[in-house]
$ cat my_file.pdb   # PDB, C-alpha atoms
ATOM      1  CA  MET C 585       0.000   0.000   0.000
ATOM      2  CA  VAL C 586       1.377   3.415  -0.949
ATOM      3  CA  HIS C 587       0.973   6.199   1.599
ATOM      4  CA  CYS C 588       1.056   9.689   0.190
ATOM      5  CA  LYS C 589       1.864  12.778   2.189
ATOM      6  CA  PRO C 590      -1.354  14.786   2.669
ATOM      7  CA  MET C 591      -1.678  18.076   0.826
ATOM      8  CA  SER C 592      -1.225  21.247   2.853
ATOM      9  CA  THR C 593      -4.603  22.551   1.679
ATOM     10  CA  PRO C 594      -7.600  20.807   0.072
ATOM     11  CA  VAL C 595      -7.531  23.092  -3.000
ATOM     12  CA  GLU C 596      -5.392  25.952  -4.202
ATOM     13  CA  VAL C 597      -5.726  29.016  -2.007
ATOM     14  CA  ASN C 598      -6.939  31.242  -4.844
ATOM     15  CA  ALA C 599      -8.937  28.562  -6.649
ATOM     16  CA  ARG C 600     -11.806  29.943  -8.681
ATOM     17  CA  LEU C 601     -14.217  27.722 -10.519
ATOM     18  CA  CYS C 602     -16.540  28.804 -13.300
ATOM     19  CA  SER C 603     -19.888  27.108 -13.723
ATOM     20  CA  VAL C 604     -19.281  26.643 -17.455
ATOM     21  CA  GLU C 605     -15.817  25.093 -17.527
ATOM     22  CA  GLY C 606     -15.318  21.510 -18.691
ATOM     23  CA  LYS C 607     -17.635  18.677 -19.700
ATOM     24  CA  ASP C 608     -21.103  18.053 -18.290
ATOM     25  CA  LEU C 609     -21.460  15.772 -15.284
ATOM     26  CA  GLU C 610     -23.854  12.859 -15.748
ATOM     27  CA  ASP C 611     -24.396  11.891 -12.088
ATOM     28  CA  LEU C 612     -25.772  15.090 -10.534
ATOM     29  CA  PRO C 613     -27.318  13.447  -7.411
ATOM     30  CA  MET C 614     -23.965  11.893  -6.455
ATOM     31  CA  TYR C 615     -22.252  15.297  -6.692
ATOM     32  CA  LYS C 616     -24.930  16.893  -4.498
ATOM     33  CA  GLN C 617     -24.646  14.102  -1.913
ATOM     34  CA  LEU C 618     -20.859  14.403  -1.735
ATOM     35  CA  VAL C 619     -20.997  18.184  -1.380
ATOM     36  CA  GLY C 620     -23.713  17.862   1.276
ATOM     37  CA  CYS C 621     -21.543  15.437   3.253
ATOM     38  CA  LEU C 622     -18.583  17.815   2.974
ATOM     39  CA  ILE C 623     -20.731  20.728   4.176
ATOM     40  CA  TYR C 624     -21.668  18.666   7.235
ATOM     41  CA  LEU C 625     -18.008  17.793   7.772
ATOM     42  CA  THR C 626     -17.017  21.479   7.933
ATOM     43  CA  LEU C 627     -18.634  21.647  11.377
ATOM     44  CA  THR C 628     -15.660  19.776  12.786
ATOM     45  CA  ARG C 629     -13.077  20.455  10.064
ATOM     46  CA  PRO C 630     -12.681  24.230   9.554
ATOM     47  CA  ASN C 631      -9.620  23.610   7.378
ATOM     48  CA  ILE C 632     -11.880  22.522   4.501
ATOM     49  CA  ALA C 633     -14.500  25.279   4.916
ATOM     50  CA  TYR C 634     -13.192  27.502   2.119
ATOM     51  CA  ALA C 635     -12.770  24.673  -0.374
ATOM     52  CA  VAL C 636     -16.264  23.362   0.367
ATOM     53  CA  SER C 637     -17.755  26.838   0.020
ATOM     54  CA  VAL C 638     -16.176  27.133  -3.431
ATOM     55  CA  ILE C 639     -17.588  23.822  -4.697
ATOM     56  CA  SER C 640     -20.988  24.279  -3.067
ATOM     57  CA  ARG C 641     -21.662  27.381  -5.156
ATOM     58  CA  ILE C 642     -21.921  25.222  -8.262
ATOM     59  CA  MET C 643     -24.847  22.940  -7.459
ATOM     60  CA  GLN C 644     -27.179  23.638 -10.392
ATOM     61  CA  LYS C 645     -24.996  22.387 -13.231
ATOM     62  CA  PRO C 646     -21.669  20.970 -12.041
ATOM     63  CA  MET C 647     -19.061  19.875 -14.550
ATOM     64  CA  LYS C 648     -16.558  17.016 -14.421
ATOM     65  CA  ARG C 649     -13.869  19.472 -13.264
ATOM     66  CA  HIS C 650     -15.973  20.294 -10.196
ATOM     67  CA  LEU C 651     -16.286  16.606  -9.311
ATOM     68  CA  GLU C 652     -12.494  16.305  -9.602
ATOM     69  CA  VAL C 653     -12.168  19.101  -7.022
ATOM     70  CA  VAL C 654     -14.608  17.253  -4.715
ATOM     71  CA  HIS C 655     -12.469  14.115  -5.045
ATOM     72  CA  GLN C 656      -9.364  16.188  -4.282
ATOM     73  CA  ILE C 657     -11.006  17.448  -1.061
ATOM     74  CA  LEU C 658     -11.982  13.887  -0.110
ATOM     75  CA  ARG C 659      -8.364  12.748  -0.633
ATOM     76  CA  TYR C 660      -7.224  15.611   1.589
ATOM     77  CA  VAL C 661      -9.696  14.602   4.321
ATOM     78  CA  LYS C 662      -8.548  10.979   4.103
ATOM     79  CA  GLY C 663      -4.903  12.037   4.376
ATOM     80  CA  THR C 664      -5.584  14.276   7.378
ATOM     81  CA  ILE C 665      -8.083  12.057   9.204
ATOM     82  CA  ASP C 666      -6.125  12.309  12.461
ATOM     83  CA  TYR C 667      -6.141  16.131  12.476
ATOM     84  CA  GLY C 668      -8.286  17.802  15.091
ATOM     85  CA  ILE C 669      -8.741  20.751  17.396
ATOM     86  CA  MET C 670      -7.612  20.279  20.973
ATOM     87  CA  TYR C 671      -8.763  22.639  23.713
ATOM     88  CA  HIS C 672      -6.512  22.845  26.746
ATOM     89  CA  ASN C 673      -6.905  24.812  29.947
ATOM     90  CA  ASP C 674      -4.599  27.700  29.057
ATOM     91  CA  LYS C 675      -4.004  30.751  31.186
ATOM     92  CA  GLU C 676      -4.308  33.023  28.144
ATOM     93  CA  PHE C 677      -7.906  33.745  27.161
ATOM     94  CA  GLU C 678      -7.603  36.698  24.814
ATOM     95  CA  PHE C 679     -10.483  36.896  22.335
ATOM     96  CA  VAL C 680      -9.198  37.809  18.854
ATOM     97  CA  GLY C 681     -11.022  37.980  15.531
ATOM     98  CA  TYR C 682      -9.741  38.111  11.974
ATOM     99  CA  CYS C 683     -11.720  38.867   8.833
ATOM    100  CA  ASP C 684     -11.157  39.382   5.128
ATOM    101  CA  ALA C 685     -13.042  39.628   1.856
ATOM    102  CA  ASP C 686     -12.147  39.050  -1.748
ATOM    103  CA  TYR C 687     -13.424  41.442  -4.372
ATOM    104  CA  ALA C 688     -15.731  39.899  -6.992
ATOM    105  CA  GLY C 689     -14.293  36.440  -6.368
ATOM    106  CA  ASP C 690     -17.239  34.610  -7.906
ATOM    107  CA  PHE C 691     -16.746  34.748 -11.680
ATOM    108  CA  ASP C 692     -20.362  33.956 -12.465
ATOM    109  CA  ILE C 693     -22.269  36.484 -10.343
ATOM    110  CA  ARG C 694     -19.375  38.847  -9.470
ATOM    111  CA  ARG C 695     -20.088  38.765  -5.736
ATOM    112  CA  SER C 696     -17.409  38.894  -3.079
ATOM    113  CA  THR C 697     -16.744  36.317  -0.355
ATOM    114  CA  THR C 698     -16.476  37.191   3.327
ATOM    115  CA  GLY C 699     -14.492  35.119   5.757
ATOM    116  CA  TYR C 700     -13.797  35.434   9.446
ATOM    117  CA  VAL C 701     -12.378  33.452  12.348
ATOM    118  CA  PHE C 702     -12.516  34.091  16.096
ATOM    119  CA  ASN C 703      -9.970  32.662  18.530
ATOM    120  CA  LEU C 704     -10.141  32.325  22.287
ATOM    121  CA  GLY C 705      -6.509  32.141  23.280
ATOM    122  CA  ALA C 706      -4.875  29.958  20.644
ATOM    123  CA  ARG C 707      -8.070  28.000  19.879
ATOM    124  CA  VAL C 708     -10.600  28.585  17.128
ATOM    125  CA  VAL C 709     -14.132  29.013  18.475
ATOM    126  CA  SER C 710     -16.033  30.369  15.451
ATOM    127  CA  TRP C 711     -15.429  30.668  11.709
ATOM    128  CA  CYS C 712     -17.340  31.466   8.530
ATOM    129  CA  SER C 713     -16.820  31.764   4.796
ATOM    130  CA  LYS C 714     -19.862  33.103   2.977
ATOM    131  CA  GLY C 715     -20.759  34.878  -0.224
ATOM    132  CA  GLN C 716     -21.944  38.449   0.171
ATOM    133  CA  GLN C 717     -25.594  39.270  -0.563
ATOM    134  CA  THR C 718     -24.934  42.144  -2.986
ATOM    135  CA  VAL C 719     -22.418  42.978  -5.684
ATOM    136  CA  SER C 720     -19.696  45.353  -4.454
ATOM    137  CA  LEU C 721     -18.583  48.142  -6.762
ATOM    138  CA  SER C 722     -15.104  48.349  -5.213
ATOM    139  CA  SER C 723     -12.774  46.391  -2.963
ATOM    140  CA  THR C 724     -13.411  48.972  -0.233
ATOM    141  CA  GLU C 725     -17.150  48.325  -0.382
ATOM    142  CA  ALA C 726     -16.509  44.570  -0.180
ATOM    143  CA  GLU C 727     -14.360  45.143   2.923
ATOM    144  CA  TYR C 728     -17.089  47.325   4.540
ATOM    145  CA  GLN C 729     -19.681  44.597   3.940
ATOM    146  CA  GLU C 730     -17.261  42.024   5.359
ATOM    147  CA  ALA C 731     -16.652  44.108   8.486
ATOM    148  CA  ALA C 732     -20.396  44.566   9.029
ATOM    149  CA  MET C 733     -21.023  40.833   8.627
ATOM    150  CA  THR C 734     -18.200  39.966  11.011
ATOM    151  CA  ALA C 735     -19.416  42.444  13.632
TER     152      ALA C 735
END
$ encode --input "my_file.pdb" --output "structure tokens"
Amino acid sequence: MVHCKPMSTPVEVNARLCSVEGKDLEDLPMYKQLVGCLIYLTLTRPNIAYAVSVISRIMQKPMKRHLEVVHQILRYVKGTIDYGIMYHNDKEFEFVGYCDADYAGDFDIRRSTTGYVFNLGARVVSWCSKGQQTVSLSSTEAEYQEAAMTA
């Protein structure tokens, strides 16, 4: 049996998928089931949250390329099955939040994506990666929407 070193991330950091790239996918229900399972898995695996948010945007008409990305995420999960979040009784309990937004990151609808994470000490307690509700006209507007959503 060959053991491969797990990837550092489930997909490329700046991966962007178009809904019209590649060949049509014949088994649409299987794609939806796999993505649904991955969405459920993000509750305990925040390291795949961004990748799953990218693939879950293309549910209406996924292509074979999108299924390949789903398989890549599943290989990453299999290779990192022993990863987890451990909470210890630390003396440091500083509450810190980080947030960011991309500008027009979705090629199809030109909406931006907001992401944030909150730490208590050195431990993650809350995170989110979500598409914004409106189209931003500038990167500054995308950042303002992201700050409002994070607050």
$ atom_distance --input "my_file.pdb" --atom1 "CA of Ser713 (chain C)" --atom2 "CA of Asp608 (chain C)"
27.2 Å
$ resolve_selection --input "my_file.pdb" --expression "the PyMOL selection byres ((chain C and resi 635-641) around 7)" --output "VMD selection string"
chain C and resid 594 to 595 619 622 to 623 632 to 634 642 to 643 650 713
$ closest_atom_pairs --input "my_file.pdb" --of "region 604-686 of chain C" --to "region 729-733 of chain C" --cutoff "10 Å" --atoms "all atoms listed in the file" --output "JSON lines"
{"residue": "C:Tyr682", "atom": "CA", "partner": "C:Ala731", "partner_atom": "CA", "distance": 9.8}
{"residue": "C:Cys683", "atom": "CA", "partner": "C:Ala731", "partner_atom": "CA", "distance": 7.2}
{"residue": "C:Asp684", "atom": "CA", "partner": "C:Glu730", "partner_atom": "CA", "distance": 6.7}
{"residue": "C:Ala685", "atom": "CA", "partner": "C:Glu730", "partner_atom": "CA", "distance": 6.0}
{"residue": "C:Asp686", "atom": "CA", "partner": "C:Glu730", "partner_atom": "CA", "distance": 9.2}
$ resolve_selection --input "my_file.pdb" --expression "the PyMOL selection byres ((chain C and resi 707) around 12)" --output "JSON, numbers by chain"
{"C": [630, 668, 669, 670, 671, 672, 673, 674, 676, 677, 678, 679, 680, 681, 701, 702, 703, 704, 705, 706, 708, 709, 710, 711]}
$ residues_around --input "my_file.pdb" --residues "Thr697 (chain C)" --least-positions-apart "4" --cutoff "8 Å" --atoms "only C-alpha atoms" --output "list of chain:residue names"
C:Ala685, C:Asp686, C:Tyr687, C:Ala688, C:Gly689, C:Asp690, C:Ser713, C:Lys714, C:Gly715, C:Gln716
$ closest_residue --input "my_file.pdb" --among "C:Ile665, C:Met614, C:Ile693, C:Met647" --to "Val719 (chain C)" --atoms "only C-alpha atoms"
C:Ile693
$ atom_distance --input "my_file.pdb" --atom1 "CA of Gln617 (chain C)" --atom2 "CA of Val654 (chain C)"
10.9 Å
$ atom_distance --input "my_file.pdb" --atom1 "CA of Asn631 (chain C)" --atom2 "CA of Tyr700 (chain C)"
12.7 Å
$ axis_aligned_box --input "my_file.pdb" --around "region 691-702 of chain C" --padding-each-side "5 Å" --output "lines of an AutoDock Vina configuration file"
center_x = -17.3
center_y = 36.2
center_z = 1.8
size_x = 19.9
size_y = 15.4
size_z = 38.6
$ resolve_selection --input "my_file.pdb" --expression "the PyMOL selection byres ((chain C and resi 610) around 10)" --output "ChimeraX atom specification"
/C:607-609,611-615,645-648
$ build_atoms --input "my_file.pdb" --residues "region 681-692 of chain C" --atoms "all heavy atoms" --output "compact mmCIF listing (two decimals), keeping the file's coordinate frame"
# COMPACT_ATOMS: atom_id res chain seq x y z
N GLY C 681 -10.32 38.30 16.76
CA GLY C 681 -11.02 37.98 15.53
C GLY C 681 -10.26 38.48 14.32
O GLY C 681 -9.59 39.52 14.37
N TYR C 682 -10.35 37.74 13.24
CA TYR C 682 -9.74 38.11 11.97
C TYR C 682 -10.80 38.01 10.89
O TYR C 682 -11.64 37.11 10.92
CB TYR C 682 -8.58 37.17 11.61
CG TYR C 682 -7.49 37.14 12.64
CD1 TYR C 682 -7.47 36.15 13.62
CD2 TYR C 682 -6.49 38.10 12.64
CE1 TYR C 682 -6.47 36.12 14.57
CE2 TYR C 682 -5.48 38.07 13.58
CZ TYR C 682 -5.48 37.08 14.55
OH TYR C 682 -4.49 37.04 15.49
N CYS C 683 -10.75 38.93 9.93
CA CYS C 683 -11.72 38.87 8.83
C CYS C 683 -11.07 39.37 7.55
O CYS C 683 -10.10 40.11 7.58
CB CYS C 683 -12.97 39.68 9.17
SG CYS C 683 -12.66 41.40 9.54
N ASP C 684 -11.65 38.95 6.43
CA ASP C 684 -11.16 39.38 5.13
C ASP C 684 -12.25 39.15 4.10
O ASP C 684 -13.20 38.40 4.33
CB ASP C 684 -9.90 38.61 4.74
CG ASP C 684 -9.14 39.27 3.60
OD1 ASP C 684 -9.42 40.46 3.29
OD2 ASP C 684 -8.26 38.63 3.01
N ALA C 685 -12.11 39.82 2.97
CA ALA C 685 -13.04 39.63 1.86
C ALA C 685 -12.27 39.68 0.55
O ALA C 685 -11.27 40.40 0.45
CB ALA C 685 -14.12 40.72 1.87
N ASP C 686 -12.72 38.90 -0.41
CA ASP C 686 -12.15 39.05 -1.75
C ASP C 686 -13.10 39.93 -2.54
O ASP C 686 -14.28 40.05 -2.22
CB ASP C 686 -11.93 37.70 -2.42
CG ASP C 686 -13.22 37.01 -2.80
OD1 ASP C 686 -14.28 37.43 -2.30
OD2 ASP C 686 -13.18 36.05 -3.58
N TYR C 687 -12.59 40.56 -3.56
CA TYR C 687 -13.42 41.44 -4.37
C TYR C 687 -13.85 40.72 -5.64
O TYR C 687 -13.02 40.30 -6.43
CB TYR C 687 -12.66 42.72 -4.72
CG TYR C 687 -13.37 43.61 -5.71
CD1 TYR C 687 -14.61 44.12 -5.42
CD2 TYR C 687 -12.79 43.91 -6.92
CE1 TYR C 687 -15.27 44.93 -6.33
CE2 TYR C 687 -13.43 44.72 -7.84
CZ TYR C 687 -14.67 45.23 -7.54
OH TYR C 687 -15.33 46.02 -8.44
N ALA C 688 -15.16 40.53 -5.80
CA ALA C 688 -15.73 39.90 -6.99
C ALA C 688 -15.09 38.55 -7.27
O ALA C 688 -14.72 38.23 -8.40
CB ALA C 688 -15.62 40.82 -8.20
N GLY C 689 -14.95 37.74 -6.24
CA GLY C 689 -14.29 36.44 -6.37
C GLY C 689 -15.09 35.41 -7.12
O GLY C 689 -14.53 34.47 -7.67
N ASP C 690 -16.40 35.55 -7.17
CA ASP C 690 -17.24 34.61 -7.91
C ASP C 690 -17.34 35.09 -9.35
O ASP C 690 -17.89 36.15 -9.63
CB ASP C 690 -18.62 34.53 -7.27
CG ASP C 690 -19.47 33.42 -7.84
OD1 ASP C 690 -19.37 33.16 -9.06
OD2 ASP C 690 -20.24 32.82 -7.07
N PHE C 691 -16.78 34.33 -10.28
CA PHE C 691 -16.75 34.75 -11.68
C PHE C 691 -18.13 34.83 -12.31
O PHE C 691 -18.35 35.60 -13.24
CB PHE C 691 -15.89 33.80 -12.50
CG PHE C 691 -14.42 33.97 -12.29
CD1 PHE C 691 -13.57 32.89 -12.37
CD2 PHE C 691 -13.87 35.21 -12.02
CE1 PHE C 691 -12.21 33.03 -12.18
CE2 PHE C 691 -12.52 35.37 -11.84
CZ PHE C 691 -11.69 34.28 -11.92
N ASP C 692 -19.06 34.03 -11.82
CA ASP C 692 -20.36 33.96 -12.46
C ASP C 692 -21.28 35.11 -12.07
O ASP C 692 -21.94 35.71 -12.92
CB ASP C 692 -21.05 32.63 -12.14
CG ASP C 692 -20.26 31.46 -12.70
OD1 ASP C 692 -19.72 31.58 -13.81
OD2 ASP C 692 -20.18 30.43 -12.02
